[in-house]
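Have a look at the structure below before the remarks.
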Amino acid sequence: MNRAAWWLGLLWLVWTGCGPGRDGEDGRLRVVCTTGMITDLATRVGGGQIVCQGLMGPGVDPHLYKATAGDVERLSRADLVLYNGLHLEARLAEVFAHLPGARSAALGERLPGAAPLLGPDGHAPDPHIWFDVSLWSLVARRIGEELAAADPARAAGYRARAAALGDSLLALHVEIQARVAQLPPDRRLLVTAHDAFQYFGRAYGFEVRGLQGISTAAEAGARDVQALATLLVERRVPAIFVESSVPRRTLEAVLEAARARGAHVRLGGELFSDALGDGGTPEDTYAGMVRHNVDTILGALEEQP
Ligand SMILES: [Zn+2]
């Protein structure tokens with residue numbers, strides 16, 4: 001079957017209701033989310049009133065993620081698709097563009113009162129908005145509005161849970177600000193595998209350097225490794241951090257290059273940047289992953305070099 005016929009077939013399924021529409025099962029809204037951070041919020045706002053599926057599990061890099069045949073089927077059967085946008089899920093853009101029927105929402109785009117940061121090239125938007133917890137609280141509220149629009153009969157419940165979740169995330173935001181305030185300003189330099197933490201830096205007062213850019217699609221070169229090693233030596237940085245969804249080898253090269261030049265720098269631990277932790281661990285929720293990161297960063301940078 002050629003491509004056009006395939007899409008037509010899918011459209012027919014949706015129109016005729018042979019595809020499992022909302023009325024086909026128990027009347028609950030079918031929601032498909034991309035990253036774990038979105039899936040966690042949508043599950044909480046849905047409160048058992050939706051069937052929520054996430055495409056990207058622990059350790060999965062959303063910059064590089066390609067849709068499987070199963071994903072295309074799940075997306076085409078969804079009532080609502082929730083994704084980050086700002087080019088995070090770069091390789092799913094074509095699939096999103098061809099979704100027949102389903103509503104979809106790029107949650108990170110057009111947030112009220114919050115222009116996205118730009119990457120180092122000054123043009124591409126930085127998609128990692130979830131690391132400013134106050135911005136992610138706006139996303140929680142937006143999910144409530146999206147669910148309410150797709151399923152008006154249950155709108156009041158979605159909005160109430162979204163408001164409560166938004167409030168709890170704002171409280172977490174204030175808690176992080178208070179904890180970071182204990183760290184001397186000259187220690188607030190965060191060096192990681194890729195530039196996922198610019199929003200974290202802006203919200204909580206850290207200077208942030210990533211070995212790779214805002215996407216992991218471009219590899220770091222030997223010059224990038226040496227430049228970062230120089231920074232570690234000159235600023236006497238005590239620790240740098242690997243990320244759960246990015247291979248560690250290039251960051252380990254930075255560590256070796258800095259140590260070869262006499263720096264006392266160590267791996268401060270693993271941060272969860274673009275994916276949640278394994279199921280059953282504290283880091284498999286958004287709030288848990290943020291707390292883990294803050295504990296790991298402050299624990300390593302508080303030590304005297
Ligand atoms: Zn990233």
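If you're wondering about the labels, chains in the structure tokens are A, B, ... by order shown, residues count from 1 in each chain, ligands from 1 in order shown.
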So which residues touch range 43-56 of chain A within 7 Å, counting only C-alpha atoms, skipping near sequence neighbours fewer than 3 positions away, as a tab-separated table (two decimals) with N, CA and C atoms, in the first residue's frame?
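Okay, result_35.tsv is ready:
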chain	number	residue	atom	x	y	z
A	28	ARG	N	-13.91	6.84	28.37
A	28	ARG	CA	-12.82	7.71	28.84
A	28	ARG	C	-12.02	8.24	27.65
A	29	LEU	N	-11.53	9.47	27.83
A	29	LEU	CA	-10.73	10.12	26.80
A	29	LEU	C	-9.41	9.36	26.65
A	30	ARG	N	-8.99	9.13	25.40
A	30	ARG	CA	-7.69	8.51	25.14
A	30	ARG	C	-6.67	9.59	24.89
A	31	VAL	N	-5.66	9.67	25.74
A	31	VAL	CA	-4.66	10.73	25.63
A	31	VAL	C	-3.29	10.09	25.42
A	32	VAL	N	-2.57	10.53	24.41
A	32	VAL	CA	-1.21	10.06	24.18
A	32	VAL	C	-0.26	11.23	24.42
A	33	CYS	N	0.78	10.98	25.24
A	33	CYS	CA	1.77	12.01	25.57
A	33	CYS	C	3.13	11.55	25.06
A	34	THR	N	4.03	12.50	24.83
A	34	THR	CA	5.36	12.13	24.36
A	34	THR	C	6.28	11.84	25.55
A	35	THR	N	6.79	12.86	26.23
A	35	THR	CA	7.80	12.62	27.27
A	35	THR	C	7.16	12.15	28.59
A	36	GLY	N	7.99	11.58	29.44
A	36	GLY	CA	7.53	11.16	30.76
A	36	GLY	C	7.06	12.32	31.61
A	39	THR	N	3.57	12.97	30.52
A	39	THR	CA	2.70	11.85	30.90
A	39	THR	C	2.34	11.91	32.38
A	40	ASP	N	3.33	12.25	33.21
A	40	ASP	CA	3.09	12.33	34.65
A	40	ASP	C	2.04	13.40	34.98
A	60	VAL	N	15.03	7.50	27.47
A	60	VAL	CA	14.80	7.75	26.05
A	60	VAL	C	15.05	9.23	25.74
A	71	ASP	N	3.51	3.34	17.68
A	71	ASP	CA	3.25	4.74	18.07
A	71	ASP	C	2.28	5.40	17.10
A	144	GLY	N	-5.06	20.94	31.93
A	144	GLY	CA	-6.44	20.97	32.42
A	144	GLY	C	-7.39	21.57	31.39
A	158	TYR	N	-11.20	18.19	35.71
A	158	TYR	CA	-9.87	18.41	35.12
A	158	TYR	C	-9.30	19.74	35.60
A	161	ARG	N	-8.22	19.62	39.39
A	161	ARG	CA	-6.96	18.89	39.63
A	161	ARG	C	-5.77	19.63	39.04
A	162	ALA	N	-5.97	20.28	37.87
A	162	ALA	CA	-4.88	21.05	37.26
A	162	ALA	C	-4.48	22.22	38.16
Pull the strand (DSSP E or B) assignments for range 36-275 of chain A out of DSSP run on the backbone, and list those residues as JSON, numbers by chain.
-> {"A": [50, 51, 52, 53, 54, 80, 81, 82, 83, 103, 104, 105, 106, 118, 125, 189, 190, 191, 192, 193, 194, 207, 208, 209, 210, 211, 212, 239, 240, 241, 242, 243, 266, 267, 268, 269, 270, 271]}
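Interatomic distance, CA of His123 in chain A to CA of Ile38 in chain A: 24.9 Å.
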Selection near range 167-171 of chain A, 12 Å with only C-alpha atoms, sequence-local residues under 4 positions removed, as JSON, numbers by chain | {"A": [41, 44, 130, 131, 132, 133, 134, 135, 136, 137, 138, 139, 140, 141, 160, 161, 162, 163, 175, 176, 177, 178, 286, 287, 288, 290, 291]}
Kindly export the residues of the current selection with N, CA and C atoms, as an mmCIF file, in the first residue's frame.
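Resulting contents of out.cif:
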data_model
loop_
_atom_site.group_PDB
_atom_site.id
_atom_site.type_symbol
_atom_site.label_atom_id
_atom_site.label_comp_id
_atom_site.auth_asym_id
_atom_site.auth_seq_id
_atom_site.Cartn_x
_atom_site.Cartn_y
_atom_site.Cartn_z
ATOM 1 N N LEU A 41 2.190 14.584 34.373
ATOM 2 C CA LEU A 41 1.221 15.653 34.630
ATOM 3 C C LEU A 41 -0.172 15.277 34.125
ATOM 4 N N ARG A 44 -2.005 12.846 36.332
ATOM 5 C CA ARG A 44 -2.512 13.470 37.571
ATOM 6 C C ARG A 44 -3.731 14.352 37.299
ATOM 7 N N TRP A 130 10.655 22.404 31.217
ATOM 8 C CA TRP A 130 10.235 21.743 32.459
ATOM 9 C C TRP A 130 11.195 21.989 33.613
ATOM 10 N N PHE A 131 12.403 22.517 33.343
ATOM 11 C CA PHE A 131 13.326 22.747 34.449
ATOM 12 C C PHE A 131 13.165 24.103 35.112
ATOM 13 N N ASP A 132 12.256 24.921 34.610
ATOM 14 C CA ASP A 132 11.751 26.034 35.413
ATOM 15 C C ASP A 132 10.403 25.540 35.932
ATOM 16 N N VAL A 133 10.360 25.165 37.193
ATOM 17 C CA VAL A 133 9.163 24.496 37.719
ATOM 18 C C VAL A 133 7.964 25.431 37.672
ATOM 19 N N SER A 134 8.210 26.749 37.737
ATOM 20 C CA SER A 134 7.075 27.683 37.645
ATOM 21 C C SER A 134 6.452 27.635 36.241
ATOM 22 N N LEU A 135 7.283 27.442 35.212
ATOM 23 C CA LEU A 135 6.736 27.289 33.853
ATOM 24 C C LEU A 135 5.963 25.977 33.729
ATOM 25 N N TRP A 136 6.489 24.917 34.345
ATOM 26 C CA TRP A 136 5.810 23.617 34.250
ATOM 27 C C TRP A 136 4.479 23.644 35.007
ATOM 28 N N SER A 137 4.370 24.528 35.995
ATOM 29 C CA SER A 137 3.070 24.665 36.673
ATOM 30 C C SER A 137 2.042 25.273 35.717
ATOM 31 N N LEU A 138 2.503 26.157 34.806
ATOM 32 C CA LEU A 138 1.593 26.695 33.780
ATOM 33 C C LEU A 138 1.162 25.593 32.821
ATOM 34 N N VAL A 139 2.102 24.680 32.532
ATOM 35 C CA VAL A 139 1.776 23.556 31.643
ATOM 36 C C VAL A 139 0.719 22.657 32.296
ATOM 37 N N ALA A 140 0.822 22.456 33.603
ATOM 38 C CA ALA A 140 -0.196 21.652 34.309
ATOM 39 C C ALA A 140 -1.580 22.273 34.100
ATOM 40 N N ARG A 141 -1.671 23.588 34.252
ATOM 41 C CA ARG A 141 -2.966 24.273 34.066
ATOM 42 C C ARG A 141 -3.428 24.163 32.610
ATOM 43 N N ALA A 160 -10.020 21.492 38.281
ATOM 44 C CA ALA A 160 -9.720 21.511 39.724
ATOM 45 C C ALA A 160 -8.404 20.788 40.019
ATOM 46 N N ARG A 161 -8.221 19.623 39.388
ATOM 47 C CA ARG A 161 -6.958 18.886 39.630
ATOM 48 C C ARG A 161 -5.771 19.633 39.044
ATOM 49 N N ALA A 162 -5.973 20.284 37.869
ATOM 50 C CA ALA A 162 -4.880 21.054 37.263
ATOM 51 C C ALA A 162 -4.481 22.223 38.165
ATOM 52 N N ALA A 163 -5.470 22.883 38.769
ATOM 53 C CA ALA A 163 -5.163 24.024 39.645
ATOM 54 C C ALA A 163 -4.397 23.558 40.885
ATOM 55 N N GLU A 175 10.447 26.307 47.040
ATOM 56 C CA GLU A 175 11.335 25.490 47.885
ATOM 57 C C GLU A 175 12.735 25.381 47.255
ATOM 58 N N ILE A 176 12.794 25.191 45.940
ATOM 59 C CA ILE A 176 14.099 25.074 45.268
ATOM 60 C C ILE A 176 14.850 26.402 45.358
ATOM 61 N N GLN A 177 14.129 27.510 45.140
ATOM 62 C CA GLN A 177 14.788 28.818 45.249
ATOM 63 C C GLN A 177 15.410 29.002 46.627
ATOM 64 N N ALA A 178 14.692 28.601 47.664
ATOM 65 C CA ALA A 178 15.198 28.759 49.033
ATOM 66 C C ALA A 178 16.430 27.881 49.263
ATOM 67 N N TYR A 286 7.572 13.582 37.802
ATOM 68 C CA TYR A 286 8.220 14.863 37.487
ATOM 69 C C TYR A 286 8.798 15.505 38.750
ATOM 70 N N ALA A 287 7.993 15.612 39.805
ATOM 71 C CA ALA A 287 8.493 16.260 41.034
ATOM 72 C C ALA A 287 9.671 15.472 41.606
ATOM 73 N N GLY A 288 9.604 14.136 41.510
ATOM 74 C CA GLY A 288 10.698 13.298 42.022
ATOM 75 C C GLY A 288 11.979 13.502 41.242
ATOM 76 N N VAL A 290 12.854 16.225 39.619
ATOM 77 C CA VAL A 290 13.373 17.560 39.924
ATOM 78 C C VAL A 290 14.075 17.554 41.285
ATOM 79 N N ARG A 291 13.441 16.912 42.271
ATOM 80 C CA ARG A 291 14.073 16.837 43.602
ATOM 81 C C ARG A 291 15.400 16.094 43.542
#
So, counting only C-alpha atoms, which residue among A:Val254, A:Ala239, A:Ile214, A:Ala220 is closest to Asp121 in chain A?
-> A:Ile214
What are the DSSP alpha helix (DSSP H) residues of range 84-121 of chain A, as a ChimeraX atom specification?
-> /A:93-97
Env. residues ligand 1 / 10 Å / only C-alpha atoms and all ligand atoms / as a ChimeraX atom specification | /A:61-64,88-89,126-128,193-197,212-217,243,245-246,273-275
